[in-house]
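Asker: This is the structure I have questions about; it appears just below.
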Amino acid sequence: MRLDRFLTQQTRESGKAVRQWLLAGRVQVNERVCRDGSLQVEPMQKISLDERILQDQTARYYMLHKPQGVVSATIDEKHQTVLDLMPPALRADLHIAGRLDLNTTGLMLITNDGRWSRKVTQPETRIPKVYLVETEDKIEAEYADVFRRGIYFAYEDLTTLPAQLEILSDHRAKLTLYEGRYHQVKRMFGFFDNKVVGLHREQIGALEMDAQLNAGDYRLLTNDEVKLFL
């Protein structure tokens with residue numbers, strides 16, 4: 001929404017009055033005088049008229065250690081959601097930035113800043129996501145070459161982006177993906193008829209899961225951590 005329209009709606013004054021406020025320097029956006037009525041208002045901006053605050057929503061960013069059996073959603077009728085792990089007073093305006101399957105554990109990002117979460121999740125950014133994978137059968141060396149070339153998914157008629165696989169032991173590996181297809185990790189190992197029995201996301205971009213957070217715990221991101229996705 002344009003700033004001039006926002007001011008009109010919030011104050012119920014005329015467009016002429018709003019234009020006069022802007023020209024007179026009476027409107028501030030993020031504590032700086034703004035005279036541009038065409039400015040697009042963002043949810044996280046502080047907007048004031050003289051000493052009257054019209055919008056002031058503080059941006060908040062959390063990392064959360066998702067447990068098994070918890071849904072990556074804001075509301076669900078059957079299962080506990082990741083937001084249910086947080087106090088009601090905190091979660092009212094929050095949403096999740098990316099999803100994990102029901103039984104996948106690990107790093108999730110939660111915020112009330114829609115622009116920030118879009119940068120984290122939009123496919124074009126190709127932010128790497130690192131997973132620890134446990135499988136039912138042995139992980140063979142050939143997996144790494146196939147993952148690097150990409151695997152064709154007939155249902156979507158597409159080939160996965162190149163992925164890096166580091167084999168840690170016979171049944172454990174570290175997998176780095178640059179996209180997030182539906183059940184992608186399980187389907188990639190399914191190419192070899194090897195069932196994934198454990199899946200944990202430990203990193204998004206340069207942000208690692210805080211080792212001090214137990215399953216179900218969360219904490220605010222630091223300013224430096226937030227900037228990793230700006």
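Chain labels follow the order of the structure tokens: the first chain is A, the next B, and so on; residue numbering restarts at 1 in every chain, and ligands are counted from 1 in their shown order.
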Find the residues around range 15-21 of chain A up to 12 Å (only C-alpha atoms counted), leave out those fewer than 4 positions away in its own chain, and share them as a list in words.
Answerer: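 Result of the neighbour search: Arg2, Leu3, Asp4, Arg5, Phe6, Leu7, Thr8, Gln9, Gln10, Thr11, Gly25, Arg26, Val27, Gln28, Val33, Cys34, Arg35, Asp36, Gly37, Ser38, Ser48, Leu49 and Asp50 of chain A.
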Asker: Can you pull out every residue from range 1-225 of chain A that DSSP, working from the backbone, puts in strand (DSSP E), and format the result as a compact mmCIF listing (two decimals) with all heavy atoms, in the first residue's frame?
Answerer:
```txt
# COMPACT_ATOMS: atom_id res chain seq x y z
N VAL A 27 5.71 13.64 8.52
CA VAL A 27 5.60 12.17 8.50
C VAL A 27 6.99 11.56 8.56
O VAL A 27 7.90 11.98 7.83
CB VAL A 27 4.87 11.70 7.23
CG1 VAL A 27 4.81 10.17 7.19
CG2 VAL A 27 3.48 12.31 7.15
N GLN A 28 7.14 10.58 9.41
CA GLN A 28 8.41 9.88 9.53
C GLN A 28 8.22 8.38 9.26
O GLN A 28 7.24 7.78 9.72
CB GLN A 28 9.01 10.06 10.93
CG GLN A 28 9.49 11.48 11.21
CD GLN A 28 10.30 11.55 12.50
OE1 GLN A 28 10.08 10.76 13.41
NE2 GLN A 28 11.23 12.48 12.56
N VAL A 29 9.16 7.81 8.54
CA VAL A 29 9.21 6.36 8.29
C VAL A 29 10.54 5.86 8.85
O VAL A 29 11.60 6.32 8.43
CB VAL A 29 9.09 6.03 6.80
CG1 VAL A 29 9.23 4.52 6.57
CG2 VAL A 29 7.76 6.54 6.25
N ARG A 32 12.76 8.65 10.12
CA ARG A 32 13.32 9.61 9.18
C ARG A 32 12.18 10.31 8.43
O ARG A 32 11.21 9.66 8.03
CB ARG A 32 14.25 8.94 8.17
CG ARG A 32 15.54 8.40 8.79
CD ARG A 32 16.49 7.92 7.72
NE ARG A 32 17.75 7.50 8.27
CZ ARG A 32 18.80 7.09 7.56
NH1 ARG A 32 18.70 7.04 6.24
NH2 ARG A 32 19.92 6.73 8.14
N VAL A 33 12.30 11.60 8.21
CA VAL A 33 11.27 12.35 7.50
C VAL A 33 11.10 11.77 6.09
O VAL A 33 12.08 11.53 5.38
CB VAL A 33 11.63 13.84 7.42
CG1 VAL A 33 10.66 14.58 6.49
CG2 VAL A 33 11.60 14.47 8.81
N ILE A 47 5.97 3.99 11.38
CA ILE A 47 5.43 5.17 10.70
C ILE A 47 4.76 6.06 11.74
O ILE A 47 3.94 5.59 12.54
CB ILE A 47 4.42 4.77 9.61
CG1 ILE A 47 5.11 3.86 8.58
CG2 ILE A 47 3.84 6.01 8.93
CD1 ILE A 47 4.17 3.31 7.54
N SER A 48 5.11 7.33 11.72
CA SER A 48 4.54 8.25 12.69
C SER A 48 4.19 9.58 12.03
O SER A 48 4.79 9.98 11.03
CB SER A 48 5.51 8.49 13.86
OG SER A 48 6.76 8.95 13.39
N LEU A 49 3.20 10.25 12.62
CA LEU A 49 2.78 11.59 12.22
C LEU A 49 3.00 12.49 13.41
O LEU A 49 2.34 12.32 14.44
CB LEU A 49 1.30 11.59 11.81
CG LEU A 49 0.67 12.96 11.54
CD1 LEU A 49 1.34 13.64 10.35
CD2 LEU A 49 -0.84 12.82 11.32
N ARG A 52 2.70 11.05 16.95
CA ARG A 52 1.72 9.96 16.96
C ARG A 52 2.20 8.78 16.13
O ARG A 52 2.44 8.92 14.93
CB ARG A 52 0.38 10.48 16.42
CG ARG A 52 -0.71 9.42 16.35
CD ARG A 52 -1.94 10.01 15.67
NE ARG A 52 -2.96 8.99 15.41
CZ ARG A 52 -4.06 9.21 14.69
NH1 ARG A 52 -4.27 10.42 14.15
NH2 ARG A 52 -4.93 8.24 14.49
N ILE A 53 2.37 7.63 16.75
CA ILE A 53 2.82 6.42 16.05
C ILE A 53 1.62 5.73 15.42
O ILE A 53 0.65 5.38 16.09
CB ILE A 53 3.54 5.47 17.01
CG1 ILE A 53 4.80 6.13 17.58
CG2 ILE A 53 3.90 4.17 16.30
CD1 ILE A 53 5.52 5.31 18.62
N LEU A 54 1.67 5.56 14.09
CA LEU A 54 0.59 4.92 13.36
C LEU A 54 0.85 3.43 13.11
O LEU A 54 -0.09 2.66 12.95
CB LEU A 54 0.37 5.64 12.02
CG LEU A 54 0.07 7.14 12.11
CD1 LEU A 54 -0.06 7.72 10.72
CD2 LEU A 54 -1.19 7.39 12.92
N GLN A 55 2.12 3.07 13.04
CA GLN A 55 2.47 1.65 12.87
C GLN A 55 3.85 1.44 13.49
O GLN A 55 4.79 2.16 13.20
CB GLN A 55 2.51 1.26 11.39
CG GLN A 55 3.02 -0.17 11.16
CD GLN A 55 2.99 -0.56 9.69
OE1 GLN A 55 1.94 -0.84 9.14
NE2 GLN A 55 4.15 -0.58 9.06
N TYR A 61 12.77 -12.74 14.91
CA TYR A 61 13.31 -13.86 14.16
C TYR A 61 13.77 -14.94 15.15
O TYR A 61 14.54 -14.66 16.06
CB TYR A 61 14.50 -13.43 13.31
CG TYR A 61 14.25 -12.18 12.49
CD1 TYR A 61 14.50 -10.91 13.02
CD2 TYR A 61 13.77 -12.26 11.19
CE1 TYR A 61 14.28 -9.76 12.28
CE2 TYR A 61 13.54 -11.12 10.43
CZ TYR A 61 13.79 -9.87 10.99
OH TYR A 61 13.56 -8.73 10.25
N TYR A 62 13.30 -16.16 14.95
CA TYR A 62 13.62 -17.26 15.85
C TYR A 62 14.18 -18.44 15.07
O TYR A 62 13.82 -18.67 13.92
CB TYR A 62 12.37 -17.76 16.58
CG TYR A 62 11.68 -16.74 17.47
CD1 TYR A 62 10.67 -15.93 16.96
CD2 TYR A 62 12.03 -16.60 18.81
CE1 TYR A 62 10.02 -15.01 17.76
CE2 TYR A 62 11.39 -15.68 19.62
CZ TYR A 62 10.38 -14.89 19.09
OH TYR A 62 9.74 -13.97 19.89
N MET A 63 15.05 -19.19 15.75
CA MET A 63 15.35 -20.54 15.29
C MET A 63 14.70 -21.49 16.28
O MET A 63 14.62 -21.21 17.48
CB MET A 63 16.86 -20.81 15.19
CG MET A 63 17.60 -20.92 16.50
SD MET A 63 19.21 -21.76 16.32
CE MET A 63 20.05 -20.72 15.16
N LEU A 64 14.21 -22.62 15.76
CA LEU A 64 13.53 -23.60 16.59
C LEU A 64 14.02 -24.99 16.22
O LEU A 64 14.22 -25.29 15.04
CB LEU A 64 12.02 -23.50 16.40
CG LEU A 64 11.13 -24.43 17.22
CD1 LEU A 64 9.85 -23.73 17.67
CD2 LEU A 64 10.75 -25.68 16.41
N HIS A 65 14.22 -25.83 17.22
CA HIS A 65 14.62 -27.22 17.00
C HIS A 65 13.36 -28.07 16.92
O HIS A 65 12.75 -28.38 17.92
CB HIS A 65 15.52 -27.69 18.15
CG HIS A 65 16.08 -29.06 17.94
ND1 HIS A 65 17.16 -29.52 18.67
CD2 HIS A 65 15.75 -30.07 17.10
CE1 HIS A 65 17.44 -30.75 18.29
NE2 HIS A 65 16.59 -31.11 17.34
N LYS A 66 12.97 -28.41 15.69
CA LYS A 66 11.73 -29.15 15.48
C LYS A 66 11.89 -30.61 15.90
O LYS A 66 12.80 -31.30 15.45
CB LYS A 66 11.32 -29.09 14.02
CG LYS A 66 10.04 -29.87 13.70
CD LYS A 66 9.79 -29.93 12.21
CE LYS A 66 8.64 -30.84 11.85
NZ LYS A 66 8.86 -32.25 12.26
N HIS A 95 4.99 -16.65 11.46
CA HIS A 95 4.81 -17.67 10.45
C HIS A 95 6.14 -18.38 10.24
O HIS A 95 7.18 -17.91 10.68
CB HIS A 95 4.31 -17.07 9.12
CG HIS A 95 5.27 -16.11 8.50
ND1 HIS A 95 5.28 -14.75 8.79
CD2 HIS A 95 6.27 -16.28 7.59
CE1 HIS A 95 6.22 -14.15 8.11
NE2 HIS A 95 6.85 -15.06 7.37
N ILE A 96 6.10 -19.54 9.58
CA ILE A 96 7.31 -20.32 9.39
C ILE A 96 7.95 -19.99 8.05
O ILE A 96 7.27 -19.68 7.08
CB ILE A 96 7.02 -21.83 9.49
CG1 ILE A 96 5.97 -22.25 8.46
CG2 ILE A 96 6.56 -22.20 10.89
CD1 ILE A 96 5.70 -23.73 8.43
N ALA A 97 9.28 -20.03 8.04
CA ALA A 97 10.04 -19.78 6.81
C ALA A 97 10.60 -21.11 6.32
O ALA A 97 11.71 -21.50 6.65
CB ALA A 97 11.17 -18.78 7.08
N THR A 105 13.47 -33.78 11.80
CA THR A 105 13.81 -32.92 12.92
C THR A 105 14.78 -31.83 12.48
O THR A 105 15.29 -31.85 11.36
CB THR A 105 14.46 -33.74 14.05
OG1 THR A 105 15.71 -34.29 13.59
CG2 THR A 105 13.56 -34.88 14.50
N GLY A 106 15.04 -30.89 13.39
CA GLY A 106 16.11 -29.93 13.15
C GLY A 106 15.68 -28.49 12.98
O GLY A 106 14.62 -28.06 13.44
N LEU A 107 16.53 -27.75 12.30
CA LEU A 107 16.46 -26.30 12.24
C LEU A 107 15.27 -25.79 11.45
O LEU A 107 15.08 -26.13 10.29
CB LEU A 107 17.75 -25.77 11.60
CG LEU A 107 17.86 -24.27 11.38
CD1 LEU A 107 17.72 -23.50 12.69
CD2 LEU A 107 19.19 -23.92 10.70
N MET A 108 14.46 -24.96 12.12
CA MET A 108 13.39 -24.22 11.47
C MET A 108 13.52 -22.75 11.81
O MET A 108 13.97 -22.40 12.90
CB MET A 108 12.02 -24.74 11.91
CG MET A 108 11.67 -26.10 11.40
SD MET A 108 9.88 -26.35 11.30
CE MET A 108 9.43 -25.19 10.01
N LEU A 109 13.10 -21.90 10.87
CA LEU A 109 13.13 -20.46 11.08
C LEU A 109 11.69 -19.95 11.15
O LEU A 109 10.84 -20.33 10.35
CB LEU A 109 13.88 -19.77 9.95
CG LEU A 109 15.35 -20.17 9.81
CD1 LEU A 109 15.99 -19.46 8.62
CD2 LEU A 109 16.12 -19.86 11.08
N ILE A 110 11.45 -19.08 12.14
CA ILE A 110 10.11 -18.55 12.39
C ILE A 110 10.23 -17.04 12.57
O ILE A 110 11.15 -16.56 13.25
CB ILE A 110 9.50 -19.20 13.65
CG1 ILE A 110 9.37 -20.72 13.45
CG2 ILE A 110 8.15 -18.59 13.98
CD1 ILE A 110 8.89 -21.46 14.67
N THR A 111 9.32 -16.28 11.96
CA THR A 111 9.44 -14.82 11.99
C THR A 111 8.07 -14.18 11.78
O THR A 111 7.09 -14.84 11.44
CB THR A 111 10.41 -14.35 10.88
OG1 THR A 111 10.59 -12.94 10.94
CG2 THR A 111 9.88 -14.72 9.51
N LYS A 129 20.84 -26.12 2.06
CA LYS A 129 20.29 -26.68 3.29
C LYS A 129 20.98 -28.02 3.52
O LYS A 129 21.02 -28.86 2.62
CB LYS A 129 18.78 -26.82 3.17
CG LYS A 129 18.06 -25.49 2.95
CD LYS A 129 16.58 -25.69 2.71
CE LYS A 129 15.88 -24.35 2.50
NZ LYS A 129 16.34 -23.67 1.26
N VAL A 130 21.51 -28.21 4.73
CA VAL A 130 22.31 -29.38 5.04
C VAL A 130 21.53 -30.31 5.96
O VAL A 130 21.00 -29.88 6.99
CB VAL A 130 23.64 -28.97 5.71
CG1 VAL A 130 24.49 -30.21 5.99
CG2 VAL A 130 24.41 -28.00 4.81
N TYR A 131 21.49 -31.59 5.58
CA TYR A 131 20.75 -32.60 6.32
C TYR A 131 21.67 -33.75 6.74
O TYR A 131 22.57 -34.14 5.98
CB TYR A 131 19.63 -33.19 5.47
CG TYR A 131 18.55 -32.21 5.06
CD1 TYR A 131 18.73 -31.39 3.95
CD2 TYR A 131 17.37 -32.11 5.78
CE1 TYR A 131 17.75 -30.48 3.57
CE2 TYR A 131 16.39 -31.20 5.40
CZ TYR A 131 16.59 -30.40 4.30
OH TYR A 131 15.62 -29.50 3.92
N LEU A 132 21.42 -34.29 7.92
CA LEU A 132 22.02 -35.55 8.33
C LEU A 132 21.01 -36.64 8.04
O LEU A 132 19.86 -36.55 8.47
CB LEU A 132 22.37 -35.52 9.82
CG LEU A 132 23.49 -34.55 10.23
CD1 LEU A 132 23.67 -34.56 11.75
CD2 LEU A 132 24.80 -34.91 9.53
N VAL A 133 21.44 -37.66 7.31
CA VAL A 133 20.54 -38.72 6.84
C VAL A 133 20.98 -40.06 7.41
O VAL A 133 22.18 -40.39 7.39
CB VAL A 133 20.53 -38.79 5.30
CG1 VAL A 133 19.46 -39.77 4.82
CG2 VAL A 133 20.32 -37.41 4.69
N GLU A 134 20.02 -40.83 7.91
CA GLU A 134 20.26 -42.22 8.32
C GLU A 134 19.40 -43.12 7.45
O GLU A 134 18.21 -42.83 7.24
CB GLU A 134 19.92 -42.42 9.80
CG GLU A 134 20.81 -41.65 10.75
CD GLU A 134 20.52 -41.98 12.19
OE1 GLU A 134 20.01 -43.08 12.46
OE2 GLU A 134 20.79 -41.13 13.05
N THR A 135 19.99 -44.20 6.96
CA THR A 135 19.29 -45.08 6.04
C THR A 135 19.22 -46.52 6.55
O THR A 135 20.00 -46.93 7.40
CB THR A 135 19.98 -45.09 4.67
OG1 THR A 135 21.31 -45.57 4.81
CG2 THR A 135 19.98 -43.70 4.06
N TYR A 152 16.04 -37.65 -11.96
CA TYR A 152 14.81 -37.28 -12.66
C TYR A 152 13.60 -37.76 -11.87
O TYR A 152 13.50 -38.94 -11.50
CB TYR A 152 14.79 -37.92 -14.05
CG TYR A 152 13.52 -37.63 -14.82
CD1 TYR A 152 13.24 -36.35 -15.29
CD2 TYR A 152 12.60 -38.64 -15.08
CE1 TYR A 152 12.09 -36.07 -15.99
CE2 TYR A 152 11.44 -38.38 -15.79
CZ TYR A 152 11.18 -37.10 -16.24
OH TYR A 152 10.04 -36.83 -16.93
N PHE A 153 12.67 -36.84 -11.57
CA PHE A 153 11.41 -37.15 -10.92
C PHE A 153 10.31 -37.10 -11.98
O PHE A 153 9.93 -36.03 -12.46
CB PHE A 153 11.09 -36.15 -9.81
CG PHE A 153 11.94 -36.29 -8.57
CD1 PHE A 153 11.95 -35.28 -7.62
CD2 PHE A 153 12.70 -37.42 -8.34
CE1 PHE A 153 12.70 -35.40 -6.46
CE2 PHE A 153 13.47 -37.55 -7.19
CZ PHE A 153 13.47 -36.54 -6.25
N LEU A 158 10.89 -33.33 -13.89
CA LEU A 158 12.03 -32.46 -13.65
C LEU A 158 13.19 -33.26 -13.08
O LEU A 158 13.02 -34.37 -12.57
CB LEU A 158 11.67 -31.31 -12.70
CG LEU A 158 11.11 -31.63 -11.32
CD1 LEU A 158 12.21 -31.96 -10.33
CD2 LEU A 158 10.30 -30.46 -10.79
N THR A 159 14.36 -32.67 -13.20
CA THR A 159 15.57 -33.26 -12.64
C THR A 159 16.04 -32.40 -11.48
O THR A 159 16.09 -31.17 -11.60
CB THR A 159 16.68 -33.36 -13.71
OG1 THR A 159 16.21 -34.18 -14.79
CG2 THR A 159 17.94 -33.98 -13.13
N GLN A 164 25.26 -32.32 -2.98
CA GLN A 164 26.51 -32.89 -2.48
C GLN A 164 26.22 -33.90 -1.36
O GLN A 164 25.47 -33.60 -0.42
CB GLN A 164 27.43 -31.80 -1.92
CG GLN A 164 28.09 -30.95 -3.00
CD GLN A 164 27.16 -29.87 -3.54
OE1 GLN A 164 26.57 -29.11 -2.79
NE2 GLN A 164 27.05 -29.80 -4.86
N LEU A 165 26.80 -35.09 -1.49
CA LEU A 165 26.64 -36.14 -0.49
C LEU A 165 28.00 -36.48 0.10
O LEU A 165 28.93 -36.83 -0.62
CB LEU A 165 26.02 -37.38 -1.12
CG LEU A 165 25.74 -38.53 -0.14
CD1 LEU A 165 24.55 -38.19 0.76
CD2 LEU A 165 25.46 -39.84 -0.90
N GLU A 166 28.08 -36.39 1.42
CA GLU A 166 29.29 -36.79 2.14
C GLU A 166 28.94 -38.00 2.99
O GLU A 166 28.15 -37.90 3.94
CB GLU A 166 29.79 -35.65 3.02
CG GLU A 166 31.01 -36.01 3.87
CD GLU A 166 31.38 -34.91 4.85
OE1 GLU A 166 30.78 -33.82 4.80
OE2 GLU A 166 32.28 -35.16 5.69
N ILE A 167 29.52 -39.16 2.68
CA ILE A 167 29.22 -40.39 3.41
C ILE A 167 30.02 -40.40 4.71
O ILE A 167 31.26 -40.31 4.70
CB ILE A 167 29.55 -41.63 2.56
CG1 ILE A 167 28.70 -41.62 1.27
CG2 ILE A 167 29.30 -42.90 3.35
CD1 ILE A 167 29.03 -42.73 0.30
N LEU A 168 29.30 -40.50 5.83
CA LEU A 168 29.92 -40.48 7.15
C LEU A 168 30.19 -41.88 7.68
O LEU A 168 31.15 -42.11 8.41
CB LEU A 168 29.04 -39.70 8.13
CG LEU A 168 28.68 -38.27 7.71
CD1 LEU A 168 27.71 -37.66 8.72
CD2 LEU A 168 29.94 -37.41 7.59
N SER A 169 29.32 -42.81 7.35
CA SER A 169 29.46 -44.21 7.74
C SER A 169 28.58 -45.03 6.81
O SER A 169 27.96 -44.48 5.89
CB SER A 169 29.08 -44.42 9.21
OG SER A 169 27.70 -44.17 9.40
N ARG A 172 25.03 -43.55 7.43
CA ARG A 172 24.87 -42.13 7.75
C ARG A 172 25.60 -41.27 6.72
O ARG A 172 26.69 -41.62 6.27
CB ARG A 172 25.38 -41.80 9.15
CG ARG A 172 24.64 -42.49 10.27
CD ARG A 172 25.16 -42.08 11.64
NE ARG A 172 24.79 -40.69 11.95
CZ ARG A 172 25.67 -39.69 12.03
NH1 ARG A 172 26.96 -39.89 11.80
NH2 ARG A 172 25.25 -38.48 12.34
N ALA A 173 24.96 -40.15 6.36
CA ALA A 173 25.57 -39.23 5.40
C ALA A 173 25.11 -37.81 5.66
O ALA A 173 24.09 -37.58 6.32
CB ALA A 173 25.21 -39.65 3.97
N LYS A 174 25.86 -36.88 5.12
CA LYS A 174 25.49 -35.47 5.16
C LYS A 174 25.15 -35.06 3.73
O LYS A 174 25.94 -35.24 2.81
CB LYS A 174 26.63 -34.62 5.70
CG LYS A 174 26.32 -33.14 5.82
CD LYS A 174 27.51 -32.37 6.41
CE LYS A 174 27.72 -32.71 7.87
NZ LYS A 174 28.74 -31.82 8.49
N LEU A 175 23.94 -34.51 3.55
CA LEU A 175 23.45 -34.15 2.22
C LEU A 175 23.17 -32.66 2.16
O LEU A 175 22.47 -32.11 3.02
CB LEU A 175 22.17 -34.93 1.90
CG LEU A 175 21.49 -34.63 0.57
CD1 LEU A 175 22.38 -35.02 -0.61
CD2 LEU A 175 20.14 -35.35 0.48
N THR A 176 23.69 -32.00 1.13
CA THR A 176 23.45 -30.56 0.92
C THR A 176 22.59 -30.37 -0.31
O THR A 176 22.97 -30.77 -1.42
CB THR A 176 24.77 -29.80 0.75
OG1 THR A 176 25.60 -30.00 1.90
CG2 THR A 176 24.50 -28.30 0.59
N LEU A 177 21.41 -29.76 -0.12
CA LEU A 177 20.47 -29.49 -1.20
C LEU A 177 20.36 -28.00 -1.45
O LEU A 177 20.59 -27.18 -0.56
CB LEU A 177 19.08 -30.03 -0.85
CG LEU A 177 18.92 -31.53 -0.59
CD1 LEU A 177 17.47 -31.83 -0.24
CD2 LEU A 177 19.35 -32.33 -1.80
N VAL A 196 14.98 -44.03 4.03
CA VAL A 196 15.49 -43.07 5.01
C VAL A 196 14.76 -43.32 6.33
O VAL A 196 13.54 -43.25 6.40
CB VAL A 196 15.26 -41.62 4.54
CG1 VAL A 196 15.62 -40.63 5.65
CG2 VAL A 196 16.09 -41.33 3.29
N VAL A 197 15.53 -43.60 7.38
CA VAL A 197 14.94 -43.89 8.70
C VAL A 197 15.16 -42.74 9.68
O VAL A 197 14.58 -42.74 10.77
CB VAL A 197 15.48 -45.20 9.27
CG1 VAL A 197 15.07 -46.37 8.39
CG2 VAL A 197 16.99 -45.16 9.44
N GLY A 198 15.98 -41.78 9.32
CA GLY A 198 16.21 -40.62 10.17
C GLY A 198 16.67 -39.44 9.34
O GLY A 198 17.53 -39.59 8.46
N LEU A 199 16.08 -38.27 9.59
CA LEU A 199 16.42 -37.08 8.80
C LEU A 199 16.41 -35.86 9.71
O LEU A 199 15.42 -35.60 10.40
CB LEU A 199 15.44 -36.91 7.65
CG LEU A 199 15.73 -35.81 6.63
CD1 LEU A 199 17.10 -36.02 5.98
CD2 LEU A 199 14.65 -35.77 5.56
N HIS A 200 17.52 -35.13 9.70
CA HIS A 200 17.68 -33.98 10.59
C HIS A 200 18.33 -32.84 9.82
O HIS A 200 19.40 -33.03 9.21
CB HIS A 200 18.57 -34.37 11.78
CG HIS A 200 18.87 -33.24 12.71
ND1 HIS A 200 18.03 -32.89 13.75
CD2 HIS A 200 19.93 -32.40 12.79
CE1 HIS A 200 18.56 -31.88 14.42
NE2 HIS A 200 19.70 -31.56 13.86
N ARG A 201 17.68 -31.67 9.79
CA ARG A 201 18.29 -30.50 9.13
C ARG A 201 19.15 -29.76 10.15
O ARG A 201 18.65 -29.30 11.18
CB ARG A 201 17.21 -29.57 8.57
CG ARG A 201 17.82 -28.40 7.78
CD ARG A 201 16.79 -27.74 6.87
NE ARG A 201 15.76 -27.05 7.62
CZ ARG A 201 14.64 -26.55 7.08
NH1 ARG A 201 14.42 -26.72 5.78
NH2 ARG A 201 13.74 -25.93 7.80
N GLU A 202 20.42 -29.63 9.82
CA GLU A 202 21.34 -29.00 10.76
C GLU A 202 21.80 -27.61 10.34
O GLU A 202 22.40 -26.89 11.14
CB GLU A 202 22.57 -29.89 10.99
CG GLU A 202 23.47 -30.07 9.79
CD GLU A 202 24.77 -30.78 10.16
OE1 GLU A 202 24.85 -31.32 11.28
OE2 GLU A 202 25.69 -30.79 9.32
N GLN A 203 21.50 -27.21 9.09
CA GLN A 203 22.01 -25.92 8.64
C GLN A 203 21.18 -25.37 7.48
O GLN A 203 20.71 -26.11 6.62
CB GLN A 203 23.47 -26.08 8.19
CG GLN A 203 24.20 -24.80 7.88
CD GLN A 203 25.69 -25.04 7.68
OE1 GLN A 203 26.24 -26.04 8.14
NE2 GLN A 203 26.35 -24.13 6.98
N ILE A 204 20.97 -24.03 7.49
CA ILE A 204 20.36 -23.31 6.37
C ILE A 204 21.31 -22.19 6.01
O ILE A 204 21.58 -21.31 6.83
CB ILE A 204 18.98 -22.73 6.73
CG1 ILE A 204 18.01 -23.84 7.13
CG2 ILE A 204 18.42 -21.93 5.56
CD1 ILE A 204 16.67 -23.32 7.63
N LEU A 207 23.77 -20.50 8.54
CA LEU A 207 23.20 -20.57 9.90
C LEU A 207 23.09 -22.03 10.33
O LEU A 207 22.38 -22.83 9.72
CB LEU A 207 21.83 -19.91 9.92
CG LEU A 207 21.11 -19.92 11.27
CD1 LEU A 207 21.89 -19.10 12.30
CD2 LEU A 207 19.69 -19.39 11.13
N GLU A 208 23.78 -22.37 11.43
CA GLU A 208 23.76 -23.72 11.95
C GLU A 208 22.79 -23.85 13.12
O GLU A 208 22.56 -22.88 13.85
CB GLU A 208 25.16 -24.14 12.40
CG GLU A 208 26.18 -24.19 11.27
CD GLU A 208 27.53 -24.65 11.76
OE1 GLU A 208 27.65 -25.04 12.95
OE2 GLU A 208 28.49 -24.64 10.96
N TYR A 218 13.57 -23.15 21.40
CA TYR A 218 13.75 -22.09 20.41
C TYR A 218 14.50 -20.94 21.06
O TYR A 218 14.60 -20.85 22.30
CB TYR A 218 12.40 -21.60 19.89
CG TYR A 218 11.53 -20.99 20.96
CD1 TYR A 218 11.56 -19.62 21.22
CD2 TYR A 218 10.70 -21.78 21.75
CE1 TYR A 218 10.78 -19.06 22.22
CE2 TYR A 218 9.92 -21.23 22.75
CZ TYR A 218 9.97 -19.87 22.98
OH TYR A 218 9.20 -19.32 23.99
N ARG A 219 15.02 -20.04 20.24
CA ARG A 219 15.64 -18.81 20.73
C ARG A 219 15.59 -17.77 19.64
O ARG A 219 15.44 -18.07 18.45
CB ARG A 219 17.08 -19.05 21.17
CG ARG A 219 18.07 -19.31 20.06
CD ARG A 219 19.49 -19.09 20.54
NE ARG A 219 20.52 -19.51 19.60
CZ ARG A 219 20.93 -18.77 18.56
NH1 ARG A 219 20.36 -17.60 18.27
NH2 ARG A 219 21.90 -19.21 17.78
N LEU A 220 15.74 -16.50 20.03
CA LEU A 220 15.83 -15.41 19.07
C LEU A 220 17.14 -15.50 18.30
O LEU A 220 18.17 -15.90 18.86
CB LEU A 220 15.76 -14.06 19.79
CG LEU A 220 14.38 -13.58 20.25
CD1 LEU A 220 14.53 -12.44 21.23
CD2 LEU A 220 13.52 -13.15 19.06
```
Asker: What's the separation between CA of Pro162 in chain A and CA of Phe147 in chain A, in Å to one decimal place?
Answerer: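 Calculated distance between CA of Pro162 in chain A and CA of Phe147 in chain A is 6.1 Å.
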Asker: Report, in Å with one decimal, the straight-line distance from CA of Thr104 in chain A to CA of Asp157 in chain A.
Answerer: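 According to the coordinates, CA of Thr104 in chain A and CA of Asp157 in chain A are separated by 25.3 Å.
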Asker: List the neighbours of range 87-89 of chain A out to 12 Å using only C-alpha atoms; skip same-chain residues closer than 3 positions along the sequence, and give me the result as JSON, numbers by chain.
Answerer: {"A": [74, 82, 83, 84, 92, 93, 94, 217, 218]}
Asker: Could you check which of A:Gly69, A:Phe229, A:Gly190, A:Asn223 is closest to Ile127 in chain A, using only C-alpha atoms?
Answerer: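 That would be A:Phe229, the residue with the smallest distance to Ile127 in chain A.
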Asker: Mind checking which residues fall within 12 Å of Leu161 in chain A, counting only C-alpha atoms, ignoring those fewer than 6 positions away in the same chain, and posting them as a list in words?
Answerer: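 Answer for this query is Pro123, Arg126, Pro128, Val146, Phe147, Arg148, Arg149, Gly150, Ile151, Tyr152, Phe153, Thr176, Leu177, Tyr178, Glu179, Gly180, Arg181, Gln184 and Met188 of chain A.
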Asker: For range 76-80 of chain A, list every protein, DNA or RNA residue within 12 Å, evaluated using only C-alpha atoms, and leave out those in the same chain fewer than 5 positions away; present the list as a short mmCIF file (atom, residue, chain, number, x, y, z; two decimals) with C-alpha atoms, in the first residue's frame.
Answerer:
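To be explicit, this is the file written out as selection_22.cif:
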```cif
data_model
loop_
_atom_site.label_atom_id
_atom_site.label_comp_id
_atom_site.auth_asym_id
_atom_site.auth_seq_id
_atom_site.Cartn_x
_atom_site.Cartn_y
_atom_site.Cartn_z
CA LYS A 66 11.73 -29.15 15.48
CA PRO A 67 11.00 -32.53 17.11
CA GLN A 68 9.56 -35.59 15.38
CA GLY A 69 5.78 -35.72 15.03
CA VAL A 70 5.33 -31.95 14.97
CA VAL A 71 3.82 -30.32 11.90
CA LEU A 85 5.79 -25.04 20.98
CA MET A 86 5.88 -21.29 21.66
CA LEU A 102 6.31 -34.57 10.01
CA ASN A 103 9.09 -36.89 11.19
CA GLY A 216 11.19 -28.32 21.01
#
```
